[in-house]
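Note: the block below is coords25.tsv and it holds TSV, N, CA and C atoms.
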chain	number	residue	atom	x	y	z
B	1	MET	N	30.92	-12.46	-34.51
B	1	MET	CA	29.49	-12.35	-34.29
B	1	MET	C	28.98	-11.15	-35.08
B	2	ALA	N	27.90	-11.34	-35.77
B	2	ALA	CA	27.35	-10.27	-36.60
B	2	ALA	C	26.64	-9.26	-35.73
B	3	GLU	N	26.75	-8.00	-36.12
B	3	GLU	CA	26.08	-6.94	-35.38
B	3	GLU	C	24.59	-6.94	-35.72
B	4	ALA	N	23.80	-6.54	-34.75
B	4	ALA	CA	22.35	-6.47	-34.97
B	4	ALA	C	22.04	-5.30	-35.88
B	5	GLU	N	21.04	-5.51	-36.69
B	5	GLU	CA	20.59	-4.45	-37.58
B	5	GLU	C	19.97	-3.33	-36.75
B	6	PRO	N	20.06	-2.09	-37.22
B	6	PRO	CA	19.47	-0.97	-36.46
B	6	PRO	C	17.98	-1.16	-36.19
B	7	TRP	N	17.25	-1.71	-37.15
B	7	TRP	CA	15.81	-1.88	-36.93
B	7	TRP	C	15.55	-2.93	-35.86
B	8	GLU	N	16.46	-3.94	-35.75
B	8	GLU	CA	16.31	-4.95	-34.70
B	8	GLU	C	16.52	-4.32	-33.32
B	9	GLU	N	17.54	-3.45	-33.24
B	9	GLU	CA	17.81	-2.77	-31.97
B	9	GLU	C	16.63	-1.87	-31.59
B	10	ASN	N	16.11	-1.16	-32.58
B	10	ASN	CA	14.95	-0.30	-32.32
B	10	ASN	C	13.76	-1.12	-31.84
B	11	HIS	N	13.56	-2.28	-32.48
B	11	HIS	CA	12.45	-3.15	-32.10
B	11	HIS	C	12.64	-3.64	-30.66
B	12	GLU	N	13.87	-4.08	-30.33
B	12	GLU	CA	14.14	-4.55	-28.97
B	12	GLU	C	13.94	-3.44	-27.95
B	13	ASN	N	14.42	-2.25	-28.28
B	13	ASN	CA	14.24	-1.11	-27.37
B	13	ASN	C	12.77	-0.79	-27.18
B	14	SER	N	12.02	-0.84	-28.28
B	14	SER	CA	10.59	-0.56	-28.19
B	14	SER	C	9.89	-1.60	-27.32
B	15	MET	N	10.27	-2.86	-27.48
B	15	MET	CA	9.66	-3.93	-26.69
B	15	MET	C	9.98	-3.74	-25.20
B	16	LYS	N	11.24	-3.39	-24.89
B	16	LYS	CA	11.62	-3.17	-23.49
B	16	LYS	C	10.84	-2.00	-22.90
B	17	LYS	N	10.71	-0.94	-23.69
B	17	LYS	CA	9.96	0.22	-23.22
B	17	LYS	C	8.50	-0.14	-22.95
B	18	MET	N	7.92	-0.94	-23.84
B	18	MET	CA	6.52	-1.36	-23.65
B	18	MET	C	6.38	-2.24	-22.41
B	19	GLU	N	7.34	-3.14	-22.19
B	19	GLU	CA	7.29	-3.99	-21.00
B	19	GLU	C	7.39	-3.15	-19.74
B	20	ASN	N	8.32	-2.19	-19.75
B	20	ASN	CA	8.47	-1.31	-18.59
B	20	ASN	C	7.20	-0.49	-18.37
B	21	CYS	N	6.62	-0.03	-19.45
B	21	CYS	CA	5.38	0.76	-19.36
B	21	CYS	C	4.26	-0.10	-18.76
B	22	ASN	N	4.16	-1.34	-19.21
B	22	ASN	CA	3.14	-2.25	-18.68
B	22	ASN	C	3.33	-2.49	-17.18
B	23	LYS	N	4.59	-2.69	-16.77
B	23	LYS	CA	4.87	-2.90	-15.34
B	23	LYS	C	4.49	-1.66	-14.54
B	24	ASP	N	4.85	-0.50	-15.07
B	24	ASP	CA	4.50	0.75	-14.38
B	24	ASP	C	2.99	0.92	-14.27
B	25	LEU	N	2.28	0.61	-15.35
B	25	LEU	CA	0.82	0.72	-15.33
B	25	LEU	C	0.20	-0.25	-14.33
B	26	GLU	N	0.75	-1.46	-14.24
B	26	GLU	CA	0.25	-2.43	-13.27
B	26	GLU	C	0.44	-1.93	-11.85
B	27	LYS	N	1.62	-1.35	-11.58
B	27	LYS	CA	1.88	-0.80	-10.25
B	27	LYS	C	0.92	0.33	-9.93
B	28	LEU	N	0.70	1.21	-10.90
B	28	LEU	CA	-0.23	2.32	-10.70
B	28	LEU	C	-1.65	1.82	-10.46
B	29	LEU	N	-2.04	0.80	-11.19
B	29	LEU	CA	-3.37	0.22	-11.02
B	29	LEU	C	-3.52	-0.36	-9.61
B	30	GLU	N	-2.49	-1.06	-9.14
B	30	GLU	CA	-2.52	-1.61	-7.79
B	30	GLU	C	-2.68	-0.51	-6.75
B	31	GLU	N	-1.92	0.56	-6.92
B	31	GLU	CA	-2.01	1.68	-5.99
B	31	GLU	C	-3.40	2.31	-6.02
B	32	MET	N	-3.96	2.45	-7.20
B	32	MET	CA	-5.31	3.02	-7.32
B	32	MET	C	-6.34	2.11	-6.64
B	33	GLU	N	-6.16	0.80	-6.77
B	33	GLU	CA	-7.07	-0.13	-6.11
B	33	GLU	C	-6.99	0.02	-4.59
B	34	LYS	N	-5.76	0.16	-4.08
B	34	LYS	CA	-5.58	0.34	-2.63
B	34	LYS	C	-6.23	1.63	-2.17
B	35	ILE	N	-6.04	2.70	-2.94
B	35	ILE	CA	-6.64	3.99	-2.59
B	35	ILE	C	-8.16	3.90	-2.60
B	36	THR	N	-8.69	3.19	-3.59
B	36	THR	CA	-10.14	3.02	-3.68
B	36	THR	C	-10.69	2.28	-2.47
B	37	VAL	N	-9.99	1.24	-2.04
B	37	VAL	CA	-10.42	0.48	-0.86
B	37	VAL	C	-10.38	1.38	0.37
B	38	ARG	N	-9.29	2.14	0.51
B	38	ARG	CA	-9.19	3.06	1.66
B	38	ARG	C	-10.33	4.07	1.65
B	39	ALA	N	-10.63	4.62	0.48
B	39	ALA	CA	-11.71	5.61	0.37
B	39	ALA	C	-13.05	4.98	0.75
B	40	ALA	N	-13.26	3.74	0.32
B	40	ALA	CA	-14.51	3.06	0.66
B	40	ALA	C	-14.62	2.86	2.17
B	41	TRP	N	-13.52	2.46	2.82
B	41	TRP	CA	-13.54	2.27	4.27
B	41	TRP	C	-13.75	3.59	4.99
B	42	MET	N	-13.11	4.64	4.48
B	42	MET	CA	-13.30	5.96	5.10
B	42	MET	C	-14.77	6.38	5.03
B	43	THR	N	-15.37	6.16	3.88
B	43	THR	CA	-16.79	6.50	3.71
B	43	THR	C	-17.65	5.69	4.67
B	44	TYR	N	-17.37	4.41	4.75
B	44	TYR	CA	-18.11	3.54	5.67
B	44	TYR	C	-17.97	4.04	7.10
B	45	ASN	N	-16.72	4.36	7.50
B	45	ASN	CA	-16.48	4.84	8.86
B	45	ASN	C	-17.22	6.14	9.14
B	46	ILE	N	-17.22	7.05	8.18
B	46	ILE	CA	-17.91	8.33	8.37
B	46	ILE	C	-19.40	8.11	8.56
B	47	VAL	N	-19.98	7.27	7.72
B	47	VAL	CA	-21.42	6.99	7.83
B	47	VAL	C	-21.72	6.33	9.16
B	48	THR	N	-20.89	5.39	9.56
B	48	THR	CA	-21.09	4.69	10.83
B	48	THR	C	-21.00	5.64	12.01
B	49	ILE	N	-20.00	6.52	12.00
B	49	ILE	CA	-19.82	7.46	13.10
B	49	ILE	C	-20.99	8.43	13.18
B	50	HIS	N	-21.46	8.91	12.03
B	50	HIS	CA	-22.60	9.83	12.05
B	50	HIS	C	-23.87	9.13	12.52
B	51	THR	N	-23.97	7.85	12.26
B	51	THR	CA	-25.14	7.09	12.68
B	51	THR	C	-25.10	6.84	14.19
B	52	ASN	N	-23.90	6.60	14.72
B	52	ASN	CA	-23.74	6.27	16.13
B	52	ASN	C	-22.55	7.04	16.70
B	53	PRO	N	-22.75	8.26	17.21
B	53	PRO	CA	-21.64	9.10	17.69
B	53	PRO	C	-20.81	8.46	18.80
B	54	SER	N	-21.41	7.64	19.64
B	54	SER	CA	-20.63	7.02	20.72
B	54	SER	C	-19.61	6.04	20.16
B	55	LEU	N	-19.83	5.60	18.93
B	55	LEU	CA	-18.89	4.69	18.30
B	55	LEU	C	-17.54	5.36	18.08
B	56	ALA	N	-17.54	6.66	17.81
B	56	ALA	CA	-16.29	7.39	17.60
B	56	ALA	C	-15.41	7.30	18.84
B	57	ASN	N	-16.01	7.47	20.02
B	57	ASN	CA	-15.25	7.37	21.27
B	57	ASN	C	-14.71	5.96	21.46
B	58	SER	N	-15.52	4.98	21.17
B	58	SER	CA	-15.08	3.59	21.30
B	58	SER	C	-13.93	3.29	20.34
B	59	MET	N	-14.05	3.79	19.13
B	59	MET	CA	-12.99	3.56	18.14
B	59	MET	C	-11.69	4.24	18.57
B	60	LYS	N	-11.79	5.43	19.14
B	60	LYS	CA	-10.60	6.15	19.61
B	60	LYS	C	-9.94	5.38	20.74
B	61	ARG	N	-10.72	4.89	21.70
B	61	ARG	CA	-10.16	4.11	22.80
B	61	ARG	C	-9.50	2.83	22.27
B	62	LEU	N	-10.15	2.19	21.32
B	62	LEU	CA	-9.60	0.98	20.73
B	62	LEU	C	-8.28	1.27	20.02
B	63	GLU	N	-8.25	2.36	19.27
B	63	GLU	CA	-7.01	2.74	18.57
B	63	GLU	C	-5.90	3.05	19.57
B	64	ASP	N	-6.20	3.79	20.62
B	64	ASP	CA	-5.20	4.10	21.65
B	64	ASP	C	-4.67	2.83	22.30
B	65	SER	N	-5.56	1.92	22.62
B	65	SER	CA	-5.14	0.64	23.21
B	65	SER	C	-4.25	-0.14	22.26
B	66	PHE	N	-4.63	-0.16	21.01
B	66	PHE	CA	-3.82	-0.86	20.01
B	66	PHE	C	-2.43	-0.26	19.92
B	67	LEU	N	-2.34	1.06	19.87
B	67	LEU	CA	-1.03	1.72	19.75
B	67	LEU	C	-0.16	1.46	20.98
B	68	ARG	N	-0.76	1.47	22.18
B	68	ARG	CA	0.01	1.16	23.39
B	68	ARG	C	0.52	-0.28	23.34
B	69	CYS	N	-0.34	-1.18	22.94
B	69	CYS	CA	0.04	-2.59	22.85
B	69	CYS	C	1.15	-2.78	21.83
B	70	LYS	N	1.00	-2.15	20.70
B	70	LYS	CA	2.01	-2.24	19.64
B	70	LYS	C	3.36	-1.73	20.13
B	71	GLU	N	3.34	-0.62	20.86
B	71	GLU	CA	4.58	-0.05	21.39
B	71	GLU	C	5.25	-1.01	22.36
B	72	ARG	N	4.45	-1.63	23.23
B	72	ARG	CA	5.00	-2.59	24.19
B	72	ARG	C	5.60	-3.81	23.49
B	73	VAL	N	4.90	-4.30	22.49
B	73	VAL	CA	5.40	-5.46	21.75
B	73	VAL	C	6.71	-5.11	21.05
B	74	GLU	N	6.77	-3.92	20.44
B	74	GLU	CA	8.01	-3.51	19.77
B	74	GLU	C	9.15	-3.37	20.76
B	75	ARG	N	8.87	-2.78	21.94
B	75	ARG	CA	9.90	-2.65	22.97
B	75	ARG	C	10.38	-4.02	23.43
B	76	ARG	N	9.44	-4.92	23.65
B	76	ARG	CA	9.80	-6.28	24.09
B	76	ARG	C	10.61	-6.99	23.02
B	77	TRP	N	10.24	-6.80	21.77
B	77	TRP	CA	10.96	-7.43	20.67
B	77	TRP	C	12.40	-6.93	20.63
B	78	GLN	N	12.60	-5.63	20.84
B	78	GLN	CA	13.95	-5.06	20.86
B	78	GLN	C	14.76	-5.64	22.02
B	79	GLU	N	14.12	-5.83	23.17
B	79	GLU	CA	14.80	-6.43	24.32
B	79	GLU	C	15.23	-7.86	23.99
B	80	VAL	N	14.36	-8.60	23.35
B	80	VAL	CA	14.67	-9.99	22.99
B	80	VAL	C	15.84	-10.02	22.01
B	81	LEU	N	15.85	-9.11	21.06
B	81	LEU	CA	16.93	-9.07	20.08
B	81	LEU	C	18.27	-8.71	20.72
B	82	GLN	N	18.24	-7.91	21.77
B	82	GLN	CA	19.47	-7.48	22.42
B	82	GLN	C	20.03	-8.55	23.34
B	83	GLU	N	19.22	-9.52	23.74
B	83	GLU	CA	19.68	-10.59	24.65
B	83	GLU	C	20.63	-11.53	23.97
Do you think you could lay out the structure here as structure tokens?
Amino acid sequence: MAEAEPWEENHENSMKKMENCNKDLEKLLEEMEKITVRAAWMTYNIVTIHTNPSLANSMKRLEDSFLRCKERVERRWQEVLQE
């Protein structure tokens, strides 16, 4: 089998590097999109809370209830797995 020419190897390496760079850029773009969405929701929540202060208390109670429920479901799931 004939060996690849050095310029062919360089070309292949360059192409692989570009592909890896493109994948990395796509991942970074996805992360930036997620961060942007989170920032938009945070802004919305801040405006909403300032508009209606009692909403903050309601949201806190809702979050606490959700976390308690989640904990119970996780505990129950562990019990089911152990059976």
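The coordinates place atom C of Glu83 in chain B at 27.4 Å from atom C of Ser65 in chain B.
Atom pair atom N of Thr43 in chain B / CA of Glu30 in chain B has a distance of 19.0 Å (rounded to one decimal).
Atom pair CA of Met32 in chain B / CA of Tyr44 in chain B: separated by 18.2 Å.
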